[in-house]
$ cat coords-v7.cif   # mmCIF, C-alpha atoms
data_data
#
loop_
_atom_site.label_atom_id
_atom_site.label_comp_id
_atom_site.auth_asym_id
_atom_site.auth_seq_id
_atom_site.Cartn_x
_atom_site.Cartn_y
_atom_site.Cartn_z
CA LYS A 1 13.84 -28.25 15.52
CA THR A 2 16.83 -26.42 16.99
CA THR A 3 20.18 -25.25 15.68
CA THR A 4 23.37 -24.59 17.60
CA ILE A 5 24.94 -21.12 17.55
CA MET A 6 27.95 -20.06 19.64
CA GLY A 7 27.63 -23.20 21.75
CA GLU A 8 23.95 -22.64 22.60
CA LYS A 9 20.85 -24.28 21.21
CA LYS A 10 18.60 -21.83 19.37
CA SER A 11 14.93 -22.62 18.90
CA LYS A 12 13.18 -21.97 15.62
CA ASP A 13 12.21 -18.35 14.90
CA VAL A 14 8.63 -17.43 15.77
CA THR A 15 6.38 -15.16 13.71
CA VAL A 16 3.85 -13.46 16.01
CA LEU A 17 2.19 -11.33 13.33
CA GLU A 18 1.79 -11.82 9.59
CA THR A 19 -0.92 -10.03 7.63
CA ASN A 20 -2.27 -11.05 4.22
CA PRO A 21 -2.93 -7.94 2.08
CA SER A 22 -5.08 -9.93 -0.37
CA THR A 23 -7.80 -10.26 2.29
CA THR A 24 -7.77 -6.59 3.31
CA THR A 25 -10.98 -4.70 2.52
CA ALA A 26 -11.38 -0.99 1.75
CA LEU A 27 -12.86 -0.51 5.23
CA ASP A 28 -9.84 -2.25 6.77
CA SER A 29 -7.50 0.08 4.87
CA PHE A 30 -9.48 3.14 5.97
CA CYS A 31 -9.35 2.06 9.62
CA GLY A 32 -5.64 1.36 9.19
CA ALA A 33 -5.14 4.87 7.83
CA LEU A 34 -7.08 6.24 10.81
CA ALA A 35 -4.86 4.30 13.22
CA VAL A 36 -1.54 5.45 11.74
CA SER A 37 -2.74 9.04 11.27
CA THR A 38 -3.79 9.16 14.93
CA PHE A 39 -0.22 8.25 15.90
CA ILE A 40 1.43 10.74 13.53
CA VAL A 41 -0.93 13.66 14.22
CA THR A 42 -0.57 13.15 17.98
CA TRP A 43 3.22 13.13 17.56
CA LEU A 44 3.20 16.41 15.63
CA ALA A 45 0.58 18.04 17.86
CA SER A 46 2.72 17.19 20.87
CA LEU A 47 5.66 19.12 19.46
CA ALA A 48 3.41 22.15 18.87
CA SER A 49 1.45 21.95 22.14
CA PRO A 50 3.59 24.43 24.16
CA LEU A 51 3.20 27.06 21.43
CA VAL A 52 -0.55 26.39 21.16
CA LEU A 53 -0.96 26.84 24.92
CA ILE A 54 0.98 30.13 24.92
CA LEU A 55 -1.05 31.49 21.99
CA ALA A 56 -4.32 30.41 23.62
CA LEU A 57 -3.40 32.20 26.84
CA ASN A 58 -2.29 35.35 25.04
CA GLN A 59 -5.33 35.52 22.77
CA GLY A 60 -7.86 34.67 25.47
CA TYR A 61 -9.00 31.35 23.92
CA HIS A 62 -10.21 29.99 27.25
CA TYR A 63 -11.84 26.83 25.89
CA ILE A 64 -8.60 25.74 24.22
CA THR A 65 -6.63 26.56 27.36
CA ALA A 66 -9.08 24.62 29.52
CA PHE A 67 -8.96 21.65 27.11
CA ILE A 68 -5.15 21.46 27.23
CA ILE A 69 -5.16 21.74 31.03
CA PHE A 70 -7.81 19.00 31.23
CA LEU A 71 -5.71 16.70 29.01
CA THR A 72 -2.63 17.45 31.09
CA ILE A 73 -4.40 16.41 34.28
CA ILE A 74 -5.57 13.13 32.71
CA ALA A 75 -2.17 12.45 31.14
CA TYR A 76 -0.29 12.86 34.43
CA ALA A 77 -2.89 11.41 36.79
CA PRO A 78 -2.19 7.95 38.28
CA TRP A 79 -4.51 5.47 36.57
CA LYS A 80 -4.35 1.90 35.31
CA HIS A 81 -5.41 0.45 31.98
CA GLY A 82 -9.14 -0.15 31.79
CA VAL A 83 -11.85 -0.67 29.17
CA ILE A 84 -11.02 2.48 27.17
CA SER A 85 -7.27 1.90 26.97
CA HIS A 86 -7.67 -1.83 26.23
CA SER A 87 -10.16 -1.01 23.45
CA PHE A 88 -7.79 1.59 22.02
CA GLN A 89 -4.89 -0.87 22.00
CA ALA A 90 -7.11 -3.54 20.42
CA PHE A 91 -8.12 -1.09 17.66
CA LEU A 92 -4.47 -0.31 16.89
CA ASN A 93 -3.50 -4.01 16.87
CA ARG A 94 -6.44 -4.96 14.67
CA TYR A 95 -6.30 -2.23 12.04
CA HIS A 96 -2.90 -0.52 11.97
CA PRO A 97 -1.18 -3.46 10.15
CA LEU A 98 -3.91 -3.49 7.48
CA TYR A 99 -2.81 -0.16 6.02
CA TYR A 100 0.39 -1.68 4.59
CA ASN A 101 1.18 -4.26 1.94
CA GLY A 102 1.80 -6.87 4.61
CA VAL A 103 3.36 -6.69 8.06
CA SER A 104 5.28 -9.45 9.84
CA ILE A 105 7.03 -9.54 13.21
CA VAL A 106 9.59 -12.28 13.79
CA PHE A 107 11.37 -13.16 17.03
CA GLU A 108 14.63 -14.98 16.47
CA GLY A 109 15.05 -18.08 18.58
CA GLY A 110 11.38 -18.10 19.50
CA GLN A 111 12.03 -15.84 22.50
CA VAL A 112 8.90 -13.70 22.79
CA PRO A 113 9.09 -11.33 25.82
CA SER A 114 5.70 -12.07 27.36
CA GLN A 115 6.42 -15.81 27.17
CA SER A 116 10.02 -15.79 28.40
CA GLN A 117 10.08 -13.76 31.61
CA SER A 118 11.61 -16.70 33.46
CA SER A 119 14.17 -17.52 30.76
CA LYS A 120 17.84 -17.56 31.61
CA HIS A 121 18.38 -14.42 29.53
CA GLY A 122 16.16 -12.42 31.86
CA GLN A 123 15.99 -8.64 31.57
CA THR A 124 16.31 -7.26 28.04
CA PHE A 125 17.03 -4.00 26.23
CA PHE A 126 15.41 -3.78 22.76
CA ALA A 127 17.35 -1.47 20.41
CA VAL A 128 15.16 -0.66 17.38
CA HIS A 129 16.46 0.44 13.96
CA PRO A 130 15.94 2.38 11.80
CA HIS A 131 14.14 5.32 13.40
CA GLY A 132 12.51 6.35 10.12
CA ALA A 133 10.44 9.49 9.77
CA PHE A 134 7.83 8.52 12.39
CA CYS A 135 9.01 5.21 13.92
CA ILE A 136 6.25 3.16 12.28
CA GLY A 137 7.89 -0.21 12.96
CA TRP A 138 8.57 0.89 16.54
CA SER A 139 4.87 1.74 16.90
CA PHE A 140 3.89 -1.80 15.85
CA LEU A 141 6.05 -3.23 18.60
CA TYR A 142 4.78 -0.64 21.05
CA HIS A 143 1.11 -1.56 20.83
CA SER A 144 1.76 -5.27 20.29
CA PRO A 145 0.39 -7.49 23.09
CA PHE A 146 3.63 -9.48 22.87
CA MET A 147 5.53 -6.43 24.14
CA ASN A 148 3.16 -5.29 26.87
CA LYS A 149 5.75 -5.92 29.60
CA VAL A 150 8.36 -3.76 27.87
CA ARG A 151 8.78 -0.08 28.73
CA PHE A 152 9.19 1.93 25.51
CA CYS A 153 11.24 5.09 26.03
CA PHE A 154 10.49 8.30 24.13
CA ALA A 155 12.36 11.60 23.80
CA PRO A 156 11.87 13.49 27.10
CA ALA A 157 10.28 16.54 25.43
CA LEU A 158 7.83 14.33 23.54
CA TYR A 159 6.94 12.26 26.58
CA ALA A 160 6.37 15.45 28.62
CA SER A 161 3.68 16.65 26.19
CA PRO A 162 0.19 15.90 27.57
CA PHE A 163 -1.06 14.86 24.10
CA PHE A 164 1.62 12.25 23.50
CA ARG A 165 1.82 11.17 27.13
CA LEU A 166 -1.89 10.35 27.18
CA PHE A 167 -1.73 8.59 23.80
CA SER A 168 1.30 6.51 24.78
CA ARG A 169 -0.13 5.56 28.18
CA MET A 170 -3.34 4.35 26.56
CA ALA A 171 -1.45 2.31 23.95
CA ASN A 172 0.98 0.53 26.27
CA LYS A 173 3.81 1.16 28.79
CA PRO A 174 5.80 4.34 28.01
CA GLY A 175 8.76 6.03 29.66
CA SER A 176 11.29 8.82 29.22
CA ALA A 177 14.51 8.28 27.30
CA SER A 178 16.48 10.58 29.61
CA ARG A 179 19.55 8.84 31.01
CA PRO A 180 18.45 9.06 34.70
CA SER A 181 15.01 7.66 33.84
CA MET A 182 16.38 4.74 31.83
CA ASP A 183 18.90 4.01 34.55
CA ALA A 184 16.03 3.87 37.05
CA TYR A 185 13.92 1.59 34.81
CA LEU A 186 16.77 -0.89 34.39
CA ARG A 187 17.57 -0.76 38.10
CA ALA A 188 13.92 -1.61 38.82
CA GLY A 189 14.13 -4.68 36.55
CA ASP A 190 12.09 -3.38 33.61
CA ASP A 191 12.60 -4.54 30.05
CA VAL A 192 13.28 -1.40 28.00
CA ALA A 193 13.01 -0.44 24.31
CA LEU A 194 14.65 2.51 22.57
CA PRO A 195 15.50 3.64 19.01
CA PRO A 196 19.16 4.54 19.74
CA GLY A 197 19.69 6.20 16.35
CA GLY A 198 17.51 9.13 17.42
CA PHE A 199 17.04 12.29 15.33
CA GLU A 200 20.21 11.54 13.36
CA GLU A 201 18.90 8.22 12.12
CA ALA A 202 15.58 9.86 11.25
CA THR A 203 17.42 12.54 9.25
CA LEU A 204 19.23 9.85 7.24
CA THR A 205 15.97 8.18 6.16
CA SER A 206 15.99 7.18 2.48
CA THR A 207 13.61 5.25 0.24
CA THR A 208 16.51 3.69 -1.69
CA GLN A 209 19.25 3.11 0.90
CA ASP A 210 19.01 1.47 4.31
CA ARG A 211 20.96 3.40 6.96
CA VAL A 212 21.49 3.28 10.71
CA PHE A 213 23.21 5.86 12.91
CA ILE A 214 25.03 3.84 15.56
CA LYS A 215 28.81 4.37 15.37
CA LYS A 216 28.76 7.05 18.10
CA ARG A 217 25.85 5.69 20.12
CA TYR A 218 27.54 4.21 23.19
CA GLY A 219 25.18 5.28 25.98
CA PHE A 220 22.71 2.38 25.80
CA VAL A 221 25.57 -0.16 25.73
CA ARG A 222 27.10 1.45 28.82
CA LEU A 223 23.75 1.24 30.65
CA CYS A 224 23.29 -2.41 29.71
CA LEU A 225 26.79 -3.27 30.92
CA LYS A 226 26.20 -1.41 34.18
CA HIS A 227 23.04 -3.44 34.88
CA GLY A 228 24.01 -6.69 33.11
CA VAL A 229 21.04 -6.46 30.74
CA ALA A 230 20.95 -8.44 27.48
CA ILE A 231 20.60 -6.40 24.25
CA ARG A 232 18.32 -7.49 21.41
CA PRO A 233 18.92 -5.63 18.13
CA VAL A 234 15.70 -5.04 16.18
CA TYR A 235 15.59 -4.17 12.47
CA VAL A 236 12.49 -2.92 10.64
CA PHE A 237 12.82 -3.71 6.94
CA GLY A 238 10.81 -1.27 4.82
CA GLU A 239 10.75 1.57 7.37
CA GLY A 240 12.73 3.91 5.12
CA ARG A 241 10.43 3.29 2.16
CA LEU A 242 7.34 4.71 3.88
CA PHE A 243 8.24 8.40 3.48
CA ASN A 244 10.25 10.37 0.95
CA ASN A 245 12.97 12.51 2.51
CA VAL A 246 15.15 15.19 0.94
CA GLN A 247 18.71 13.87 0.71
CA GLY A 248 22.05 15.60 1.20
CA LEU A 249 23.64 18.36 3.32
CA TRP A 250 24.28 15.66 5.90
CA SER A 251 26.98 17.42 7.93
CA THR A 252 24.80 20.50 8.48
CA ARG A 253 21.65 18.55 9.24
CA LEU A 254 23.38 16.12 11.60
CA ALA A 255 25.05 19.02 13.40
CA LEU A 256 21.63 20.60 14.03
CA ASN A 257 20.36 17.24 15.28
CA ARG A 258 22.84 17.50 18.15
CA TRP A 259 20.78 20.47 19.36
CA SER A 260 17.62 18.30 19.25
CA ILE A 261 16.42 20.02 16.09
CA PRO A 262 14.69 17.59 13.68
CA MET A 263 16.02 18.01 10.16
CA LEU A 264 13.64 15.88 8.14
CA PHE A 265 11.88 17.09 5.00
CA VAL A 266 9.45 14.23 4.47
CA TRP A 267 6.20 13.38 2.74
CA GLY A 268 4.31 10.14 2.14
CA LEU A 269 1.27 10.05 -0.13
CA TRP A 270 1.27 13.00 -2.53
CA TYR A 271 -2.36 13.81 -1.71
CA LEU A 272 -2.06 13.16 2.06
CA PRO A 273 1.62 13.73 2.84
CA LEU A 274 1.35 12.81 6.53
CA LEU A 275 0.26 9.27 5.64
CA PRO A 276 2.89 6.64 4.73
CA LYS A 277 3.15 5.53 1.14
CA ARG A 278 0.99 2.56 0.16
CA GLY A 279 2.31 -0.71 -1.20
CA VAL A 280 5.17 -1.02 1.31
CA LYS A 281 5.79 -4.31 3.12
CA LEU A 282 7.20 -4.15 6.66
CA HIS A 283 9.23 -7.06 8.03
CA ILE A 284 10.30 -6.59 11.67
CA VAL A 285 13.00 -8.88 13.04
CA VAL A 286 13.74 -9.00 16.77
CA GLY A 287 17.21 -10.47 17.03
CA ARG A 288 18.58 -12.98 19.51
CA PRO A 289 19.78 -11.59 22.86
CA LEU A 290 23.36 -10.40 23.01
CA ILE A 291 24.33 -11.49 26.52
CA VAL A 292 26.59 -8.91 28.16
CA PRO A 293 28.45 -9.12 31.49
CA LYS A 294 27.50 -6.97 34.45
CA ILE A 295 30.19 -4.34 34.96
CA GLU A 296 29.28 -1.75 37.58
CA SER A 297 31.67 0.87 36.18
CA PRO A 298 32.45 -0.12 32.58
CA THR A 299 35.55 1.42 31.02
CA LYS A 300 35.67 2.99 27.57
CA GLU A 301 37.34 -0.20 26.37
CA ASP A 302 34.52 -2.35 27.80
CA VAL A 303 31.88 -0.20 26.13
CA ALA A 304 33.74 -0.13 22.80
CA LEU A 305 34.13 -3.93 22.83
CA TRP A 306 30.45 -4.67 23.37
CA HIS A 307 29.33 -1.81 21.13
CA GLY A 308 31.33 -3.47 18.36
CA LYS A 309 29.71 -6.84 19.07
CA TYR A 310 26.30 -5.17 18.93
CA ILE A 311 27.02 -3.74 15.48
CA VAL A 312 28.15 -7.18 14.29
CA GLU A 313 24.82 -8.65 15.47
CA LEU A 314 22.84 -5.86 13.81
CA LYS A 315 24.64 -6.49 10.51
CA ARG A 316 24.00 -10.23 10.83
CA ILE A 317 20.27 -9.69 11.26
CA TYR A 318 20.18 -7.47 8.20
CA GLU A 319 22.14 -9.88 6.01
CA GLU A 320 20.25 -13.00 7.10
CA HIS A 321 16.76 -11.55 6.68
CA LYS A 322 17.03 -9.03 3.83
CA GLU A 323 16.06 -11.48 1.07
CA VAL A 324 12.95 -12.58 2.98
CA ALA A 325 12.03 -8.94 3.53
CA TYR A 326 12.74 -7.54 0.06
CA GLY A 327 12.61 -10.61 -2.16
CA ALA A 328 15.58 -12.57 -3.49
CA ALA A 329 16.56 -10.16 -6.29
CA LYS A 330 16.30 -6.88 -4.36
CA GLY A 331 17.56 -8.48 -1.18
CA LYS A 332 20.85 -9.55 -2.76
CA GLU A 333 21.52 -5.97 -3.84
CA ALA A 334 20.47 -4.36 -0.53
CA LYS A 335 23.26 -2.96 1.64
CA LEU A 336 23.15 -1.49 5.12
CA GLU A 337 25.08 1.75 5.64
CA ILE A 338 26.49 2.19 9.15
CA TRP A 339 26.87 5.88 10.12
#
$ encode --input "coords-v7.cif" --output "structure tokens"
Amino acid sequence: KTTTIMGEKKSKDVTVLETNPSTTTALDSFCGALAVSTFIVTWLASLASPLVLILALNQGYHYITAFIIFLTIIAYAPWKHGVISHSFQAFLNRYHPLYYNGVSIVFEGGQVPSQSQSSKHGQTFFAVHPHGAFCIGWSFLYHSPFMNKVRFCFAPALYASPFFRLFSRMANKPGSASRPSMDAYLRAGDDVALPPGGFEEATLTSTTQDRVFIKKRYGFVRLCLKHGVAIRPVYVFGEGRLFNNVQGLWSTRLALNRWSIPMLFVWGLWYLPLLPKRGVKLHIVVGRPLIVPKIESPTKEDVALWHGKYIVELKRIYEEHKEVAYGAAKGKEAKLEIW
């Protein structure tokens, strides 16, 4: 069955992942907790790794220094995915979803990347919202076999860390979110994924109010116009409910974010605060491609026009899928704040 939207036929949406929490065992949940904690601990350790290396050198902890240097060599060495990395990715795909109260990934129009490389829409930029405290929904897409041809771009400082670089290379196809790097990826024909809301969107995380930080995020739209790359908005319903976050003082916290200073004060489980809260359902919707023209040197007006169309599409995805994600009663009351 197909429907017609904006003069084009749209195939039925495709669900590529849907877990049933009623069949999850205690062992499954434990392995799921191990999978998500590996991701979060690696993320945090990566931020602290420069300081750890300096302290190890100053204090004469040679084994720690040697270990970090060894990891750095492996992380930056040229190697391809083999048995270890494939097994690691399989572990994440098998168990990570089982930690939550159900996970589903839906592709609107049935356009799954690994199955549509020859489609007329071609190269694609996946813009993922919301960032959340630790990009849990983003991580599902990252290690999903359906996205293994997509280059996921991380903050340059994070990607430079040997801990996170090694982790991300084993899990899938990573890259740097620096503007020159992303420009090079798109020029080379790669599909690219990025959470454009960045630190600001993470700071705005709330368990009771869905928010995205996008009003001043023009850079990714400009890049897509320059290369003529379609944009697919992605929304992760439930992301904000995974971690509590202190609310308020937004102007101060957002100002510090501009200096790449994270301003989150988050905790998940009360007894293991680095783990997400239990009982949360995640519903990830990958929207239809927003086809943009190729404009080698887009003007501010060009960028503003297509940025506005992107926001319209993001709002549409939220409104059309919120009742499926949250249930009819809660879904009708849910509103998306655009910052």
$ resolve_selection --input "coords-v7.cif" --expression "the PyMOL selection byres ((chain A and resi 295-305) around 8)" --output "PyMOL selection string"
chain A and resi 218+221-222+225-228+293-294+306-309
$ write_last_selection --input "coords-v7.cif" --atoms "C-alpha atoms" --output "CSV table (one decimal), in the coordinates of the input"
chain,number,residue,atom,x,y,z
A,218,TYR,CA,27.5,4.2,23.2
A,221,VAL,CA,25.6,-0.2,25.7
A,222,ARG,CA,27.1,1.4,28.8
A,225,LEU,CA,26.8,-3.3,30.9
A,226,LYS,CA,26.2,-1.4,34.2
A,227,HIS,CA,23.0,-3.4,34.9
A,228,GLY,CA,24.0,-6.7,33.1
A,293,PRO,CA,28.4,-9.1,31.5
A,294,LYS,CA,27.5,-7.0,34.4
A,306,TRP,CA,30.4,-4.7,23.4
A,307,HIS,CA,29.3,-1.8,21.1
A,308,GLY,CA,31.3,-3.5,18.4
A,309,LYS,CA,29.7,-6.8,19.1
$ residues_around --input "coords-v7.cif" --residues "region 100-113 of chain A" --least-positions-apart "5" --cutoff "8 Å" --atoms "all atoms listed in the file" --output "PyMOL selection string"
chain A and resi 10-21+146-147+149-150+278-288
$ closest_residue --input "coords-v7.cif" --among "A:Tyr310, A:Tyr159, A:Tyr99, A:Phe67" --to "Pro289 (chain A)" --atoms "all atoms listed in the file"
A:Tyr310
$ resolve_selection --input "coords-v7.cif" --expression "the PyMOL selection byres ((chain A and resi 325) around 9)" --output "PyMOL selection string"
chain A and resi 237-238+281-284+321-324+326-328+331
$ write_last_selection --input "coords-v7.cif" --atoms "C-alpha atoms" --output "PDB file, in the frame of the given file"
ATOM      1  CA  PHE A 237      12.820  -3.710   6.940  1.00  0.00           C
ATOM      2  CA  GLY A 238      10.810  -1.270   4.820  1.00  0.00           C
ATOM      3  CA  LYS A 281       5.790  -4.310   3.120  1.00  0.00           C
ATOM      4  CA  LEU A 282       7.200  -4.150   6.660  1.00  0.00           C
ATOM      5  CA  HIS A 283       9.230  -7.060   8.030  1.00  0.00           C
ATOM      6  CA  ILE A 284      10.300  -6.590  11.670  1.00  0.00           C
ATOM      7  CA  HIS A 321      16.760 -11.550   6.680  1.00  0.00           C
ATOM      8  CA  LYS A 322      17.030  -9.030   3.830  1.00  0.00           C
ATOM      9  CA  GLU A 323      16.060 -11.480   1.070  1.00  0.00           C
ATOM     10  CA  VAL A 324      12.950 -12.580   2.980  1.00  0.00           C
ATOM     11  CA  TYR A 326      12.740  -7.540   0.060  1.00  0.00           C
ATOM     12  CA  GLY A 327      12.610 -10.610  -2.160  1.00  0.00           C
ATOM     13  CA  ALA A 328      15.580 -12.570  -3.490  1.00  0.00           C
ATOM     14  CA  GLY A 331      17.560  -8.480  -1.180  1.00  0.00           C
TER      15      GLY A 331
END
$ resolve_selection --input "coords-v7.cif" --expression "the PyMOL selection byres ((chain A and resi 136-140) around 9)" --output "PyMOL selection string"
chain A and resi 36+39+92-93+96-97+105+128-135+141-144+194-195+235-239+242+276+282-284
$ closest_residue --input "coords-v7.cif" --among "A:Tyr271, A:Phe125, A:Tyr61, A:Trp43" --to "Arg232 (chain A)" --atoms "all atoms listed in the file"
A:Phe125
$ residues_around --input "coords-v7.cif" --residues "region 74-78 of chain A" --least-positions-apart "3" --cutoff "12 Å" --atoms "all atoms listed in the file" --output "PyMOL selection string"
chain A and resi 67-71+81+159-170+174
$ residues_around --input "coords-v7.cif" --residues "Leu272 (chain A)" --least-positions-apart "6" --cutoff "12 Å" --atoms "all atoms listed in the file" --output "list of chain:residue names"
A:Ala33, A:Ser37, A:Phe243, A:Val266, A:Arg278
$ residues_around --input "coords-v7.cif" --residues "region 212-214 of chain A" --least-positions-apart "6" --cutoff "9 Å" --atoms "only C-alpha atoms" --output "PDB file with C-alpha atoms, keeping the file's coordinate frame"
ATOM      1  CA  HIS A 129      16.460   0.440  13.960  1.00  0.00           C
ATOM      2  CA  PRO A 130      15.940   2.380  11.800  1.00  0.00           C
ATOM      3  CA  HIS A 131      14.140   5.320  13.400  1.00  0.00           C
ATOM      4  CA  PRO A 196      19.160   4.540  19.740  1.00  0.00           C
ATOM      5  CA  GLY A 197      19.690   6.200  16.350  1.00  0.00           C
ATOM      6  CA  GLY A 198      17.510   9.130  17.420  1.00  0.00           C
ATOM      7  CA  GLU A 200      20.210  11.540  13.360  1.00  0.00           C
ATOM      8  CA  GLU A 201      18.900   8.220  12.120  1.00  0.00           C
ATOM      9  CA  ALA A 202      15.580   9.860  11.250  1.00  0.00           C
ATOM     10  CA  LEU A 204      19.230   9.850   7.240  1.00  0.00           C
ATOM     11  CA  THR A 205      15.970   8.180   6.160  1.00  0.00           C
ATOM     12  CA  ILE A 311      27.020  -3.740  15.480  1.00  0.00           C
ATOM     13  CA  LEU A 336      23.150  -1.490   5.120  1.00  0.00           C
ATOM     14  CA  GLU A 337      25.080   1.750   5.640  1.00  0.00           C
ATOM     15  CA  ILE A 338      26.490   2.190   9.150  1.00  0.00           C
ATOM     16  CA  TRP A 339      26.870   5.880  10.120  1.00  0.00           C
TER      17      TRP A 339
END
$ atom_distance --input "coords-v7.cif" --atom1 "CA of Arg187 (chain A)" --atom2 "CA of Phe154 (chain A)"
18.1 Å
$ closest_residue --input "coords-v7.cif" --among "A:Leu256, A:Phe30, A:Gly189, A:Asp210" --to "Glu333 (chain A)" --atoms "only C-alpha atoms"
A:Asp210
$ axis_aligned_box --input "coords-v7.cif" --around "region 132-139 of chain A" --padding-each-side "8 Å" --output "lines of an AutoDock Vina configuration file"
center_x = 8.7
center_y = 4.6
center_z = 13.3
size_x = 23.6
size_y = 25.7
size_z = 23.1
$ atom_distance --input "coords-v7.cif" --atom1 "CA of Ala255 (chain A)" --atom2 "CA of Arg211 (chain A)"
17.4 Å
$ atom_distance --input "coords-v7.cif" --atom1 "CA of Gly60 (chain A)" --atom2 "CA of Ala48 (chain A)"
18.1 Å
$ residues_near_point --input "coords-v7.cif" --point "(23.1, -12.0, 26.4)" --cutoff "8 Å" --atoms "only C-alpha atoms" --output "PDB file with C-alpha atoms, keeping the file's coordinate frame"
ATOM      1  CA  HIS A 121      18.380 -14.420  29.530  1.00  0.00           C
ATOM      2  CA  VAL A 229      21.040  -6.460  30.740  1.00  0.00           C
ATOM      3  CA  ALA A 230      20.950  -8.440  27.480  1.00  0.00           C
ATOM      4  CA  ILE A 231      20.600  -6.400  24.250  1.00  0.00           C
ATOM      5  CA  PRO A 289      19.780 -11.590  22.860  1.00  0.00           C
ATOM      6  CA  LEU A 290      23.360 -10.400  23.010  1.00  0.00           C
ATOM      7  CA  ILE A 291      24.330 -11.490  26.520  1.00  0.00           C
ATOM      8  CA  VAL A 292      26.590  -8.910  28.160  1.00  0.00           C
ATOM      9  CA  PRO A 293      28.450  -9.120  31.490  1.00  0.00           C
TER      10      PRO A 293
END
$ closest_residue --input "coords-v7.cif" --among "A:Lys277, A:Arg179, A:Lys335, A:Phe199" --to "Asn257 (chain A)" --atoms "only C-alpha atoms"
A:Phe199
